[in-house]
Amino acid sequence: MTAATARGTRGTPVDGLRAPDDVTQIVTFRIGTDLFAADVRAVERVLRYAPPTAVPNVPPWVAGVLEYQKRVVPVIDFRVRFELSTQAPTADTRVVVFNTAGGWTAGVVDSVLDVSAIERGRLEPPPPLLRGLAAEYLHGITRREGQLVLLLDADRVLSSTDRALLRKVAAGVAPVRVEPHD
């Protein structure tokens, strides 16, 4: 059934069917006590945590690099990037590899919760009060069981200056190998 046949004459869903454009799949993860998400199409893979190879002379939010599918991938410590308190990795800690316009970039998260569908109509724009970096890297905000979920725009979590720095980091280091999460 196509989106056109799933809609009534006024453009509303028929029999609870939704057109694919009305729903987006998100990967939800936790950093500290906060929930974040990314569009499932922006997530290449979720890996078990392995300490990345440290790289000298980089900003504190760059945890290092890792090798994934024979490529060197920079790893961002989201706790540091989002100015949250640091915490030692746990058994739930994961590395999310994101597909970005500049190539793969990985981020350390405290845990990955699930992949779920949300209706695009439930996605709200960031409030005007959020300006600067925070507003730039947020695609929108939704709710999950009464808690706000900040939907990250994987392409915008890093500025063009940040991406240029990470390309240099990835080009000059022999990283640690990690295996995909089952």
# chains A, B, ... in the order shown; residues from 1 in each chain; ligands from 1
call {"tool": "select_by_dssp", "arguments": {"residues": "segment 29-141 of chain A", "states": "alpha helix (DSSP H)", "output": "PyMOL selection string"}}
result
chain A and resi 78-81+133-137
call {"tool": "closest_residue", "arguments": {"among": "A:Gly146, A:Gly140, A:Pro89, A:Gly121", "to": "Ala50 of chain A", "atoms": "only C-alpha atoms"}}
result
A:Pro89
call {"tool": "select_by_dssp", "arguments": {"residues": "segment 29-174 of chain A", "states": "strand (DSSP E or B)", "output": "PyMOL selection string"}}
result
chain A and resi 29-31+34-39+43-48+53+62-68+71-77+94-100+103-109+111-119+124+138-144+147-152
call {"tool": "residues_around", "arguments": {"residues": "Thr142 of chain A", "least_positions_apart": "4", "cutoff": "8 Å", "atoms": "only C-alpha atoms", "output": "VMD selection string"}}
result
chain A and resid 122 to 124 148 to 151
call {"tool": "closest_residue", "arguments": {"among": "A:Asp162, A:Leu152, A:Lys168, A:Val55", "to": "Ala38 of chain A", "atoms": "only C-alpha atoms"}}
result
A:Leu152
call {"tool": "atom_distance", "arguments": {"atom1": "atom CA of Val46 of chain A", "atom2": "atom CA of Asp77 of chain A"}}
result
14.8 Å
call {"tool": "residues_around", "arguments": {"residues": "Gln25 of chain A", "least_positions_apart": "2", "cutoff": "9 Å", "atoms": "only C-alpha atoms", "output": "number ranges by chain"}}
result
A: 23, 27, 38-41, 115-119
call {"tool": "write_last_selection", "arguments": {"atoms": "N, CA and C atoms", "output": "PDB file, in the first residue's frame"}}
result
ATOM      1  N   VAL A  23       6.559   9.379   9.890  1.00  0.00           N
ATOM      2  CA  VAL A  23       7.229   8.708  11.002  1.00  0.00           C
ATOM      3  C   VAL A  23       8.730   8.684  10.738  1.00  0.00           C
ATOM      4  N   VAL A  27      17.324   6.373  17.201  1.00  0.00           N
ATOM      5  CA  VAL A  27      18.104   5.604  18.157  1.00  0.00           C
ATOM      6  C   VAL A  27      18.199   6.482  19.403  1.00  0.00           C
ATOM      7  N   ALA A  38      19.189  10.137  17.791  1.00  0.00           N
ATOM      8  CA  ALA A  38      19.634  10.504  16.448  1.00  0.00           C
ATOM      9  C   ALA A  38      18.787   9.716  15.464  1.00  0.00           C
ATOM     10  N   ASP A  39      18.577  10.293  14.310  1.00  0.00           N
ATOM     11  CA  ASP A  39      17.861   9.599  13.247  1.00  0.00           C
ATOM     12  C   ASP A  39      18.601   8.295  12.953  1.00  0.00           C
ATOM     13  N   VAL A  40      17.873   7.209  12.834  1.00  0.00           N
ATOM     14  CA  VAL A  40      18.493   5.900  12.625  1.00  0.00           C
ATOM     15  C   VAL A  40      19.358   5.896  11.361  1.00  0.00           C
ATOM     16  N   ARG A  41      19.016   6.692  10.372  1.00  0.00           N
ATOM     17  CA  ARG A  41      19.816   6.753   9.147  1.00  0.00           C
ATOM     18  C   ARG A  41      21.170   7.416   9.377  1.00  0.00           C
ATOM     19  N   VAL A 115      15.747   1.500  19.448  1.00  0.00           N
ATOM     20  CA  VAL A 115      15.346   2.161  18.208  1.00  0.00           C
ATOM     21  C   VAL A 115      13.836   2.216  18.262  1.00  0.00           C
ATOM     22  N   SER A 116      13.275   3.382  18.048  1.00  0.00           N
ATOM     23  CA  SER A 116      11.821   3.529  18.109  1.00  0.00           C
ATOM     24  C   SER A 116      11.355   4.486  17.022  1.00  0.00           C
ATOM     25  N   ALA A 117      10.075   4.440  16.772  1.00  0.00           N
ATOM     26  CA  ALA A 117       9.464   5.318  15.776  1.00  0.00           C
ATOM     27  C   ALA A 117       8.776   6.472  16.485  1.00  0.00           C
ATOM     28  N   ILE A 118       8.934   7.659  15.927  1.00  0.00           N
ATOM     29  CA  ILE A 118       8.181   8.808  16.439  1.00  0.00           C
ATOM     30  C   ILE A 118       7.488   9.483  15.267  1.00  0.00           C
ATOM     31  N   GLU A 119       6.339  10.019  15.541  1.00  0.00           N
ATOM     32  CA  GLU A 119       5.637  10.787  14.517  1.00  0.00           C
ATOM     33  C   GLU A 119       6.329  12.130  14.386  1.00  0.00           C
TER      34      GLU A 119
END
call {"tool": "atom_distance", "arguments": {"atom1": "atom CA of Arg143 of chain A", "atom2": "atom CA of Ser111 of chain A"}}
result
18.0 Å
call {"tool": "closest_residue", "arguments": {"among": "A:Trp61, A:Phe98, A:Phe78, A:Tyr68", "to": "Asp110 of chain A", "atoms": "only C-alpha atoms"}}
result
A:Phe78
call {"tool": "closest_residue", "arguments": {"among": "A:Tyr49, A:Asp34, A:Pro125, A:Asp155", "to": "Ala91 of chain A", "atoms": "only C-alpha atoms"}}
result
A:Tyr49
call {"tool": "atom_distance", "arguments": {"atom1": "atom CA of Arg144 of chain A", "atom2": "atom CA of Val43 of chain A"}}
result
19.7 Å
call {"tool": "closest_residue", "arguments": {"among": "A:Val108, A:Val58, A:Ala164, A:Ala171", "to": "Phe82 of chain A", "atoms": "only C-alpha atoms"}}
result
A:Val108
call {"tool": "residues_around", "arguments": {"residues": "segment 62-66 of chain A", "least_positions_apart": "3", "cutoff": "6 Å", "atoms": "only C-alpha atoms", "output": "list in words"}}
result
Pro52, Thr53, Ala54, Val55, Pro59, Val72, Val73, Pro74, Val75, Ile76, Asp77, Pro175 and Val176 of chain A
call {"tool": "write_last_selection", "arguments": {"atoms": "C-alpha atoms", "output": "short mmCIF file (atom, residue, chain, number, x, y, z; two decimals), in the first residue's frame"}}
result
data_model
loop_
_atom_site.label_atom_id
_atom_site.label_comp_id
_atom_site.auth_asym_id
_atom_site.auth_seq_id
_atom_site.Cartn_x
_atom_site.Cartn_y
_atom_site.Cartn_z
CA PRO A 52 39.99 4.80 22.12
CA THR A 53 43.61 5.49 21.26
CA ALA A 54 44.55 8.81 22.83
CA VAL A 55 45.70 11.59 20.55
CA PRO A 59 40.44 19.50 22.55
CA VAL A 72 40.30 5.58 11.54
CA VAL A 73 37.30 7.20 13.24
CA PRO A 74 37.54 10.12 15.69
CA VAL A 75 35.72 9.58 19.00
CA ILE A 76 33.93 12.38 20.83
CA ASP A 77 33.33 12.18 24.57
CA PRO A 175 44.01 3.30 16.40
CA VAL A 176 42.70 0.49 18.58
#
